[in-house]
>>> print(open('structure.txt').read())   # compact mmCIF, C-alpha atoms
# COMPACT_ATOMS: atom_id res chain seq x y z
CA MET A 1 -13.00 -13.49 -27.57
CA ILE A 2 -10.25 -14.20 -25.04
CA ILE A 3 -8.98 -10.61 -24.73
CA GLN A 4 -11.90 -8.25 -24.16
CA SER A 5 -9.97 -5.12 -23.22
CA LEU A 6 -6.56 -3.62 -23.92
CA LEU A 7 -6.30 -3.24 -20.14
CA ASP A 8 -6.09 -7.04 -19.89
CA THR A 9 -2.32 -6.88 -19.51
CA ASP A 10 0.30 -6.15 -16.87
CA LEU A 11 0.66 -2.66 -15.43
CA TYR A 12 4.37 -2.47 -16.24
CA LYS A 13 3.51 -2.47 -19.94
CA PHE A 14 1.83 0.91 -19.46
CA THR A 15 4.53 2.32 -17.19
CA MET A 16 7.21 1.33 -19.72
CA MET A 17 5.07 2.57 -22.61
CA GLN A 18 4.86 6.02 -21.04
CA VAL A 19 8.66 6.14 -20.79
CA VAL A 20 8.85 5.14 -24.46
CA LEU A 21 6.45 7.93 -25.45
CA HIS A 22 8.42 10.58 -23.57
CA HIS A 23 12.00 9.41 -24.17
CA PHE A 24 12.21 6.92 -27.07
CA PRO A 25 9.24 7.54 -29.40
CA ALA A 26 11.20 6.62 -32.56
CA ALA A 27 12.66 3.31 -31.32
CA GLN A 28 12.10 0.28 -33.58
CA VAL A 29 12.03 -3.19 -32.02
CA GLU A 30 11.60 -6.88 -32.69
CA TYR A 31 10.07 -9.50 -30.37
CA ARG A 32 10.11 -13.26 -30.79
CA TYR A 33 8.02 -15.97 -29.19
CA ARG A 34 9.51 -19.18 -27.78
CA CYS A 35 7.97 -22.26 -26.17
CA ARG A 36 10.39 -23.86 -23.70
CA THR A 37 8.12 -26.86 -23.02
CA PRO A 38 9.17 -29.84 -25.16
CA GLY A 39 6.66 -31.84 -27.19
CA VAL A 40 3.93 -29.17 -27.42
CA ASN A 41 2.05 -29.16 -30.74
CA LEU A 42 0.34 -25.83 -31.41
CA ARG A 43 0.04 -26.22 -35.18
CA PRO A 44 -3.59 -27.46 -35.11
CA TYR A 45 -4.62 -24.25 -33.34
CA LEU A 46 -2.76 -21.80 -35.57
CA ASN A 47 -5.90 -20.34 -37.16
CA GLU A 48 -7.60 -19.96 -33.78
CA ILE A 49 -4.60 -18.04 -32.49
CA ARG A 50 -4.61 -15.83 -35.58
CA GLU A 51 -8.32 -15.09 -35.17
CA GLU A 52 -7.87 -14.14 -31.53
CA ILE A 53 -4.92 -11.86 -32.37
CA GLY A 54 -7.00 -10.28 -35.14
CA ALA A 55 -9.71 -9.48 -32.59
CA LEU A 56 -7.06 -8.09 -30.23
CA CYS A 57 -5.92 -5.69 -32.96
CA ARG A 58 -9.46 -4.34 -33.34
CA LEU A 59 -9.73 -3.30 -29.68
CA GLN A 60 -9.45 0.31 -28.54
CA PHE A 61 -9.54 1.88 -25.10
CA THR A 62 -12.95 2.97 -23.83
CA ALA A 63 -13.58 6.27 -22.09
CA ASP A 64 -13.96 4.46 -18.75
CA GLU A 65 -10.67 2.63 -19.22
CA LEU A 66 -8.83 5.83 -20.06
CA ALA A 67 -10.37 7.55 -17.03
CA TYR A 68 -9.17 4.71 -14.82
CA LEU A 69 -5.63 4.86 -16.17
CA GLY A 70 -5.66 8.63 -15.80
CA SER A 71 -6.59 8.25 -12.13
CA LEU A 72 -3.24 6.56 -11.40
CA ARG A 73 -1.00 9.30 -10.05
CA PHE A 74 2.04 8.34 -12.14
CA ILE A 75 0.19 8.31 -15.48
CA LYS A 76 0.40 11.62 -17.35
CA SER A 77 -2.34 13.30 -19.36
CA ASP A 78 -0.49 13.34 -22.69
CA PHE A 79 -0.07 9.57 -22.44
CA ILE A 80 -3.83 9.21 -21.93
CA ASP A 81 -4.39 11.38 -25.00
CA PHE A 82 -2.13 9.08 -27.00
CA LEU A 83 -3.91 5.94 -25.76
CA GLY A 84 -7.21 7.46 -26.85
CA LEU A 85 -6.05 7.03 -30.46
CA PHE A 86 -4.23 3.72 -29.96
CA HIS A 87 -4.80 0.25 -31.36
CA LEU A 88 -2.39 -2.63 -31.86
CA PRO A 89 -1.20 -2.70 -35.50
CA GLY A 90 -1.95 -6.07 -37.08
CA LYS A 91 0.63 -5.48 -39.80
CA CYS A 92 3.40 -5.65 -37.18
CA ILE A 93 2.72 -9.23 -36.03
CA ALA A 94 3.22 -12.46 -37.97
CA VAL A 95 2.00 -15.89 -36.78
CA THR A 96 3.38 -18.77 -38.88
CA GLU A 97 4.34 -22.42 -38.70
CA GLY A 98 7.70 -23.05 -37.08
CA GLN A 99 10.59 -24.93 -38.62
CA ARG A 100 10.24 -27.94 -36.30
CA ASP A 101 7.21 -30.20 -35.94
CA GLY A 102 4.48 -28.72 -33.77
CA GLU A 103 6.16 -25.35 -33.38
CA ILE A 104 4.68 -22.02 -34.28
CA ASP A 105 6.57 -18.76 -34.79
CA ILE A 106 5.29 -15.41 -33.61
CA THR A 107 7.31 -12.34 -34.53
CA VAL A 108 6.53 -8.69 -33.83
CA ARG A 109 8.39 -5.93 -35.65
CA GLY A 110 7.68 -2.22 -35.60
CA PRO A 111 7.77 0.95 -33.47
CA TRP A 112 8.27 0.10 -29.80
CA LEU A 113 5.58 2.62 -28.86
CA HIS A 114 3.01 0.81 -31.00
CA THR A 115 4.02 -2.81 -30.37
CA ILE A 116 4.85 -2.89 -26.66
CA LEU A 117 1.33 -4.03 -25.71
CA PHE A 118 1.43 -7.21 -27.84
CA GLU A 119 3.42 -9.49 -25.54
CA ILE A 120 1.14 -10.22 -22.58
CA PRO A 121 -2.21 -10.68 -24.39
CA VAL A 122 -0.59 -12.75 -27.16
CA LEU A 123 0.89 -15.14 -24.59
CA ALA A 124 -2.47 -15.29 -22.79
CA ILE A 125 -4.14 -16.11 -26.11
CA VAL A 126 -1.70 -18.93 -26.91
CA ASN A 127 -2.20 -20.41 -23.44
CA GLU A 128 -5.98 -20.29 -23.47
CA VAL A 129 -6.34 -21.58 -27.04
CA TYR A 130 -4.05 -24.49 -26.19
CA PHE A 131 -5.71 -25.47 -22.92
CA ARG A 132 -9.29 -25.15 -24.13
CA ASN A 133 -8.42 -27.62 -26.89
CA VAL A 134 -6.34 -30.16 -24.96
CA CYS A 135 -8.07 -29.94 -21.55
CA LYS A 136 -11.78 -30.35 -22.28
CA ASN A 137 -12.64 -31.10 -18.64
CA PRO A 138 -10.41 -28.99 -16.38
CA GLY A 139 -10.10 -29.95 -12.74
CA TRP A 140 -11.92 -26.90 -11.39
CA ALA A 141 -12.77 -28.49 -8.04
CA GLU A 142 -9.20 -29.71 -7.55
CA GLY A 143 -7.86 -26.27 -8.49
CA ARG A 144 -10.16 -24.56 -5.99
CA GLU A 145 -9.07 -26.94 -3.24
CA ARG A 146 -5.42 -26.25 -3.98
CA LEU A 147 -6.03 -22.51 -3.91
CA GLN A 148 -7.71 -22.84 -0.51
CA ARG A 149 -4.76 -24.82 0.85
CA LYS A 150 -2.30 -22.19 -0.40
CA MET A 151 -4.18 -19.35 1.25
CA ALA A 152 -4.57 -21.33 4.48
CA LEU A 153 -0.77 -21.54 4.79
CA VAL A 154 -0.81 -17.77 5.33
CA LEU A 155 -4.11 -17.27 7.10
CA ASP A 156 -3.38 -19.96 9.71
CA ALA A 157 0.12 -18.68 10.59
CA PRO A 158 0.26 -16.03 13.38
CA ASP A 159 3.81 -14.99 12.44
CA LEU A 160 2.79 -13.99 8.88
CA ARG A 161 0.78 -10.89 9.70
CA GLU A 162 2.99 -8.77 7.45
CA PHE A 163 2.94 -11.24 4.54
CA ARG A 164 1.84 -9.61 1.26
CA VAL A 165 1.30 -11.43 -2.03
CA ALA A 166 0.21 -10.13 -5.43
CA GLU A 167 -1.14 -12.06 -8.40
CA TYR A 168 1.22 -11.87 -11.41
CA GLY A 169 -0.17 -14.58 -13.68
CA THR A 170 -1.72 -12.99 -16.78
CA ARG A 171 0.68 -14.30 -19.43
CA ARG A 172 0.55 -17.96 -18.40
CA ARG A 173 -3.01 -18.25 -17.14
CA PHE A 174 -5.15 -21.29 -17.86
CA SER A 175 -8.01 -19.06 -18.92
CA HIS A 176 -9.47 -15.59 -18.47
CA ALA A 177 -12.30 -17.00 -16.36
CA TRP A 178 -10.01 -18.93 -13.99
CA HIS A 179 -7.73 -15.89 -13.64
CA GLU A 180 -10.70 -13.79 -12.55
CA GLU A 181 -11.89 -16.43 -10.09
CA VAL A 182 -8.44 -16.58 -8.46
CA ILE A 183 -8.38 -12.81 -7.96
CA LEU A 184 -11.91 -12.67 -6.56
CA THR A 185 -11.20 -15.56 -4.17
CA MET A 186 -7.99 -14.00 -2.88
CA LYS A 187 -9.65 -10.59 -2.49
CA ALA A 188 -12.55 -12.10 -0.55
CA GLN A 189 -10.54 -14.35 1.75
CA MET A 190 -7.02 -13.01 2.20
CA GLY A 191 -7.77 -9.47 3.35
CA GLU A 192 -4.65 -7.34 3.75
CA HIS A 193 -2.44 -10.28 2.78
CA PHE A 194 -3.63 -9.79 -0.83
CA ALA A 195 -1.62 -6.85 -2.14
CA GLY A 196 -3.20 -6.63 -5.60
CA THR A 197 -2.70 -7.77 -9.16
CA SER A 198 -0.47 -6.92 -12.09
CA ASN A 199 -3.52 -7.13 -14.37
CA VAL A 200 -4.95 -3.68 -14.99
CA TRP A 201 -8.34 -4.87 -16.31
CA PHE A 202 -9.13 -6.93 -13.22
CA ALA A 203 -7.73 -4.22 -10.95
CA MET A 204 -10.19 -1.74 -12.43
CA LYS A 205 -13.10 -4.20 -12.58
CA HIS A 206 -12.77 -5.47 -9.01
CA GLY A 207 -11.30 -2.51 -7.15
CA VAL A 208 -7.91 -3.96 -6.27
CA LEU A 209 -4.50 -2.32 -6.49
CA PRO A 210 -2.64 -2.58 -9.83
CA LEU A 211 1.06 -3.34 -9.31
CA GLY A 212 4.18 -3.19 -11.45
CA THR A 213 7.21 -1.07 -12.38
CA MET A 214 9.60 -2.20 -15.16
CA ALA A 215 10.40 -5.38 -17.11
CA HIS A 216 13.47 -6.85 -18.75
CA GLU A 217 12.64 -5.44 -22.17
CA TYR A 218 13.11 -1.89 -20.88
CA LEU A 219 16.68 -2.47 -19.74
CA GLN A 220 17.38 -4.56 -22.84
CA ALA A 221 16.25 -1.78 -25.17
CA CYS A 222 18.53 0.65 -23.38
CA GLN A 223 21.47 -1.41 -24.67
CA ALA A 224 20.70 0.17 -28.04
CA LEU A 225 19.32 3.49 -26.83
CA GLY A 226 21.87 4.56 -24.22
CA PRO A 227 25.18 6.39 -24.69
CA ARG A 228 27.31 3.20 -24.59
CA LEU A 229 26.67 -0.42 -23.74
CA ARG A 230 28.54 -0.48 -20.42
CA ASP A 231 26.43 2.41 -19.13
CA SER A 232 23.09 1.06 -20.38
CA GLN A 233 21.89 -0.21 -16.99
CA VAL A 234 22.70 3.09 -15.29
CA PHE A 235 21.10 4.97 -18.20
CA ALA A 236 17.91 2.88 -17.87
CA LEU A 237 17.61 3.46 -14.11
CA GLU A 238 18.29 7.19 -14.39
CA THR A 239 15.79 7.63 -17.21
CA TRP A 240 13.19 5.77 -15.17
CA ALA A 241 13.80 7.95 -12.13
CA LYS A 242 13.58 11.08 -14.29
CA GLU A 243 10.20 9.98 -15.62
CA TYR A 244 8.59 8.90 -12.34
CA ARG A 245 10.25 11.22 -9.78
CA GLY A 246 10.02 8.77 -6.88
CA ASP A 247 7.03 6.67 -7.94
CA LEU A 248 7.46 3.07 -9.13
CA GLY A 249 10.79 2.74 -7.36
CA ILE A 250 11.57 -0.97 -7.67
CA ALA A 251 14.65 -1.78 -9.78
CA LEU A 252 14.89 -5.02 -11.76
CA SER A 253 18.15 -6.74 -10.87
CA ASP A 254 18.77 -9.61 -13.28
CA VAL A 255 19.17 -8.40 -16.87
CA TYR A 256 22.97 -8.81 -16.53
CA GLY A 257 23.06 -10.93 -13.39
CA LEU A 258 23.37 -9.81 -9.79
CA GLU A 259 27.12 -9.06 -9.84
CA ALA A 260 26.75 -6.53 -12.66
CA PHE A 261 23.63 -5.06 -11.05
CA LEU A 262 25.36 -4.45 -7.73
CA ARG A 263 28.31 -2.77 -9.46
CA ASP A 264 25.92 -0.24 -11.00
CA PHE A 265 23.46 0.02 -8.11
CA ASP A 266 25.62 2.34 -6.04
CA MET A 267 24.76 4.46 -3.00
CA TYR A 268 22.89 6.94 -5.21
CA PHE A 269 20.55 4.28 -6.55
CA CYS A 270 20.31 2.54 -3.17
CA LYS A 271 18.86 5.74 -1.76
CA LEU A 272 16.90 6.73 -4.87
CA PHE A 273 14.98 3.47 -5.40
CA ASP A 274 12.58 1.88 -2.91
CA GLY A 275 13.97 -1.59 -3.47
CA ALA A 276 14.68 -4.27 -6.05
CA ARG A 277 12.98 -7.26 -7.68
CA HIS A 278 14.36 -10.80 -7.88
CA ASP A 279 13.50 -12.80 -11.02
CA SER A 280 16.22 -15.45 -11.43
CA GLY A 281 18.81 -17.36 -9.45
CA ASP A 282 18.69 -18.43 -5.81
CA PRO A 283 16.29 -16.05 -4.00
CA PHE A 284 17.82 -16.60 -0.57
CA GLU A 285 21.33 -15.81 -1.77
CA TRP A 286 19.97 -12.80 -3.69
CA GLY A 287 18.22 -11.45 -0.60
CA GLU A 288 21.29 -11.88 1.60
CA ARG A 289 23.48 -10.10 -0.94
CA MET A 290 21.02 -7.24 -1.40
CA ILE A 291 20.87 -6.69 2.37
CA ALA A 292 24.67 -6.76 2.60
CA HIS A 293 24.86 -4.34 -0.33
CA TYR A 294 22.52 -1.86 1.38
CA ASP A 295 24.55 -2.16 4.59
CA SER A 296 27.83 -1.52 2.76
CA ASN A 297 26.31 1.60 1.18
CA ARG A 298 25.16 2.92 4.56
CA VAL A 299 21.46 2.40 3.77
CA ASP A 300 19.21 0.70 6.32
CA PRO A 301 17.83 -2.40 4.51
CA ARG A 302 14.81 -2.35 6.84
CA THR A 303 13.60 0.71 4.90
CA LYS A 304 13.82 -1.11 1.55
CA THR A 305 11.52 -3.61 -0.15
CA LEU A 306 12.74 -6.81 -1.76
CA ILE A 307 10.20 -8.25 -4.20
CA PHE A 308 10.39 -11.90 -5.22
CA SER A 309 8.70 -13.07 -8.41
CA ASP A 310 10.62 -15.99 -9.92
CA ALA A 311 8.46 -19.14 -10.27
CA LEU A 312 7.19 -18.64 -6.75
CA THR A 313 4.94 -20.91 -4.73
CA PHE A 314 3.29 -20.10 -1.39
CA PRO A 315 5.62 -22.37 0.63
CA ARG A 316 8.68 -20.74 -0.95
CA ALA A 317 7.31 -17.23 -0.35
CA ILE A 318 6.59 -18.07 3.28
CA GLU A 319 10.09 -19.46 3.72
CA LEU A 320 11.53 -16.23 2.29
CA THR A 321 9.33 -14.15 4.57
CA ARG A 322 10.65 -15.93 7.64
CA ARG A 323 14.28 -15.73 6.48
CA PHE A 324 14.18 -11.95 6.03
CA ALA A 325 11.71 -10.97 8.77
CA GLY A 326 12.86 -7.84 10.57
CA ARG A 327 15.79 -7.38 8.17
CA CYS A 328 13.99 -5.79 5.21
CA LYS A 329 10.49 -5.42 3.80
CA THR A 330 9.39 -8.27 1.54
CA ALA A 331 6.64 -8.70 -1.03
CA PHE A 332 5.79 -11.49 -3.43
CA GLY A 333 4.37 -11.82 -6.91
CA ILE A 334 3.02 -15.29 -7.71
CA GLY A 335 2.00 -16.03 -11.28
CA THR A 336 1.69 -19.47 -12.85
CA ASN A 337 1.28 -21.25 -9.51
CA LEU A 338 -1.95 -19.28 -9.01
CA THR A 339 -3.42 -18.87 -12.49
CA ASN A 340 -2.42 -22.20 -14.06
CA ASP A 341 -2.52 -24.83 -11.32
CA LEU A 342 -5.39 -27.06 -12.41
CA GLY A 343 -3.53 -30.34 -12.68
CA HIS A 344 -2.03 -29.80 -16.13
CA GLU A 345 1.55 -28.89 -16.95
CA PRO A 346 1.69 -25.14 -17.69
CA LEU A 347 3.32 -24.01 -20.93
CA GLN A 348 6.69 -22.35 -20.49
CA ILE A 349 6.22 -19.71 -23.16
CA VAL A 350 7.89 -16.32 -23.50
CA MET A 351 7.94 -13.45 -25.95
CA LYS A 352 11.13 -11.44 -25.66
CA MET A 353 12.63 -8.41 -27.33
CA VAL A 354 15.60 -9.52 -29.44
CA ARG A 355 16.42 -6.33 -31.37
CA CYS A 356 16.14 -2.58 -30.90
CA ASN A 357 16.95 -0.10 -33.67
CA GLY A 358 18.40 -2.97 -35.69
CA GLN A 359 20.86 -3.94 -32.96
CA PRO A 360 20.70 -7.23 -31.03
CA VAL A 361 19.72 -6.94 -27.38
CA ALA A 362 19.84 -9.63 -24.72
CA LYS A 363 19.07 -10.62 -21.17
CA VAL A 364 21.83 -12.54 -19.37
CA SER A 365 20.23 -13.51 -16.09
CA ASP A 366 21.39 -15.65 -13.17
CA ALA A 367 19.37 -18.53 -14.69
CA PRO A 368 21.15 -19.56 -17.94
CA GLU A 369 17.99 -21.08 -19.46
CA LYS A 370 16.38 -17.62 -19.42
CA THR A 371 19.02 -16.10 -21.67
CA MET A 372 17.51 -15.24 -25.07
CA CYS A 373 19.50 -13.71 -27.93
CA ASP A 374 19.73 -14.51 -31.65
CA ASP A 375 23.28 -13.20 -32.09
CA LYS A 376 26.02 -15.26 -30.39
CA ALA A 377 28.73 -12.69 -31.17
CA TYR A 378 26.73 -9.91 -29.49
CA LEU A 379 26.00 -12.12 -26.49
CA ALA A 380 29.72 -12.84 -26.10
CA TYR A 381 30.50 -9.13 -26.35
CA LEU A 382 27.82 -8.30 -23.77
CA ARG A 383 29.33 -10.80 -21.36
CA GLN A 384 32.75 -9.25 -21.85
CA VAL A 385 31.53 -5.69 -21.34
CA PHE A 386 29.68 -6.54 -18.12
CA GLU A 387 32.44 -8.87 -16.87
CA LEU A 388 30.17 -11.91 -16.95
CA PRO A 389 31.49 -15.47 -17.08
CA PRO A 390 31.37 -17.19 -20.48
CA ALA A 391 28.31 -19.29 -21.25
>>> encode(input="structure.txt", output="structure tokens")
Amino acid sequence: MIIQSLLDTDLYKFTMMQVVLHHFPAAQVEYRYRCRTPGVNLRPYLNEIREEIGALCRLQFTADELAYLGSLRFIKSDFIDFLGLFHLPGKCIAVTEGQRDGEIDITVRGPWLHTILFEIPVLAIVNEVYFRNVCKNPGWAEGRERLQRKMALVLDAPDLREFRVAEYGTRRRFSHAWHEEVILTMKAQMGEHFAGTSNVWFAMKHGVLPLGTMAHEYLQACQALGPRLRDSQVFALETWAKEYRGDLGIALSDVYGLEAFLRDFDMYFCKLFDGARHDSGDPFEWGERMIAHYDSNRVDPRTKTLIFSDALTFPRAIELTRRFAGRCKTAFGIGTNLTNDLGHEPLQIVMKMVRCNGQPVAKVSDAPEKTMCDDKAYLAYLRQVFELPPA
């Protein structure tokens, strides 16, 4: 089967899941899948996808996997005890034909604590089922050559000694096997330039560092879980800091756009968090504004880390490194450009939280096409509350 371990997902799913266990164990949520790539017909593979998801729901954590998770300093023992009893509940996920030709619908409804691990492996399943059916003869040799050229851009540049890149490509990978080959190649050839992977299974299997902090769904859910909507971003950051006490200190900046983030990310948070992550909008403008924001709050930006992860390529990451050299620390997470660059157009598929405790939730990022909400009235209200421009 495609997913062979519940660890075959991104680390931030576990870090968020631990927060849910300790702070929001009763929260109920809904996720919905969307394919942004036009003209993709997944209907012929519907039963294959269902079979793979059925196998996913039969997986449980092994003793070795639990021991590995427990060895991470920020993972607590009661969370490991909970995971020892955990499996993904098949009754909470529905995979059906969509309303338009070729579309499929995937909906997850249930307790956040029990459904949070669906997103990443389900997207990986959809990708691999699709590509193994439509790409019978992948361009492995071409993909390997491209990977070598990407790494050479870093290895052959004397001014990039401090360059660090992580692999972030689980959800949109071409296949499990290619994903593993990319990680092993980067580990073998890039040395200290290879920071690690977001994938916990491969991190454990191959002795590389697992990386990740929080995702959009965490801040979205806090729209329904916090004291009031306007304070939801502050509430999310404070709850995170309370849980991790200095670990995992990278704040996600684009759930409400950069303007709203900077209004909430005051001197307290500038000092409390180690840095911030960019995931939409112009990365150069974002970096300049983050550095200016640290300066205005009397925090030395050279002590902070700016992480870039939005549709990155190696040339773009190198350009960003050179722009901000000596002004702040930088790190990069590259996903699709590493794990699905075999000469075929990658699928632009997402699976986003749309409701929490029966209330709509939304992400309103600096890239309008990434906004996802099924309630236009709520989205308009959210924009008003956070002083965002109308759509």
>>> closest_residue(input="structure.txt", among="A:Glu285, A:Glu217, A:Asp375, A:Asp264", to="A:Tyr31", atoms="only C-alpha atoms")
A:Glu217
>>> closest_residue(input="structure.txt", among="A:Leu258, A:Cys270, A:Val208, A:Ile3", to="A:Ile125", atoms="all atoms listed in the file")
A:Ile3
>>> residues_around(input="structure.txt", residues="A:Ala224", least_positions_apart="6", cutoff="10 Å", atoms="only C-alpha atoms", output="ChimeraX atom specification")
/A:27,232,355-361
>>> atom_distance(input="structure.txt", atom1="atom CA of A:Leu88", atom2="atom CA of A:Cys57")
4.8 Å
>>> residues_around(input="structure.txt", residues="stretch 248-255 of chain A", least_positions_apart="5", cutoff="9 Å", atoms="all atoms listed in the file", output="PyMOL selection string")
chain A and resi 15+74+212-217+219-220+233+237+240-241+260-262+272-281+305-307+362-366
>>> closest_residue(input="structure.txt", among="A:Ile53, A:Ala203, A:Leu21, A:Leu160", to="A:Ile80", atoms="only C-alpha atoms")
A:Leu21
>>> atom_distance(input="structure.txt", atom1="atom CA of A:Glu30", atom2="atom CA of A:Met351")
10.1 Å
>>> residues_around(input="structure.txt", residues="A:Leu209", least_positions_apart="5", cutoff="9 Å", atoms="only C-alpha atoms", output="PyMOL selection string")
chain A and resi 195-198+200+203-204
>>> decode(input="structure.txt", residues="stretch 150-168 of chain A", atoms="N, CA and C atoms", output="tab-separated table (two decimals), in the first residue's frame")
chain	number	residue	atom	x	y	z
A	150	LYS	N	20.03	20.98	-9.44
A	150	LYS	CA	19.56	21.83	-8.33
A	150	LYS	C	20.58	21.84	-7.19
A	151	MET	N	21.05	20.68	-6.81
A	151	MET	CA	22.01	20.62	-5.71
A	151	MET	C	23.32	21.30	-6.09
A	152	ALA	N	23.73	21.18	-7.35
A	152	ALA	CA	24.98	21.79	-7.79
A	152	ALA	C	24.94	23.30	-7.67
A	153	LEU	N	23.77	23.91	-7.82
A	153	LEU	CA	23.65	25.36	-7.66
A	153	LEU	C	24.15	25.81	-6.29
A	154	VAL	N	23.96	24.96	-5.30
A	154	VAL	CA	24.39	25.28	-3.93
A	154	VAL	C	25.83	24.82	-3.70
A	155	LEU	N	26.11	23.59	-4.08
A	155	LEU	CA	27.41	23.01	-3.78
A	155	LEU	C	28.55	23.71	-4.52
A	156	ASP	N	28.25	24.31	-5.65
A	156	ASP	CA	29.30	24.97	-6.45
A	156	ASP	C	29.43	26.46	-6.14
A	157	ALA	N	28.69	26.97	-5.16
A	157	ALA	CA	28.71	28.41	-4.87
A	157	ALA	C	29.41	28.68	-3.53
A	158	PRO	N	30.59	29.29	-3.54
A	158	PRO	CA	31.33	29.53	-2.29
A	158	PRO	C	30.60	30.43	-1.30
A	159	ASP	N	29.72	31.30	-1.80
A	159	ASP	CA	29.05	32.25	-0.89
A	159	ASP	C	27.81	31.65	-0.22
A	160	LEU	N	27.53	30.36	-0.47
A	160	LEU	CA	26.32	29.75	0.09
A	160	LEU	C	26.64	28.73	1.19
A	161	ARG	N	27.72	28.99	1.91
A	161	ARG	CA	28.11	28.05	2.97
A	161	ARG	C	27.04	27.90	4.04
A	162	GLU	N	26.29	28.97	4.28
A	162	GLU	CA	25.27	28.93	5.34
A	162	GLU	C	23.90	28.51	4.81
A	163	PHE	N	23.79	28.20	3.54
A	163	PHE	CA	22.50	27.84	2.94
A	163	PHE	C	21.99	26.53	3.53
A	164	ARG	N	20.71	26.53	3.98
A	164	ARG	CA	20.09	25.33	4.55
A	164	ARG	C	18.73	25.11	3.89
A	165	VAL	N	18.51	23.90	3.41
A	165	VAL	CA	17.23	23.58	2.77
A	165	VAL	C	16.69	22.28	3.35
A	166	ALA	N	15.38	22.26	3.56
A	166	ALA	CA	14.69	21.06	4.04
A	166	ALA	C	13.73	20.59	2.96
A	167	GLU	N	13.42	19.32	2.99
A	167	GLU	CA	12.45	18.72	2.07
A	167	GLU	C	11.07	18.76	2.71
A	168	TYR	N	10.10	19.37	2.01
A	168	TYR	CA	8.75	19.57	2.55
A	168	TYR	C	7.66	18.97	1.64
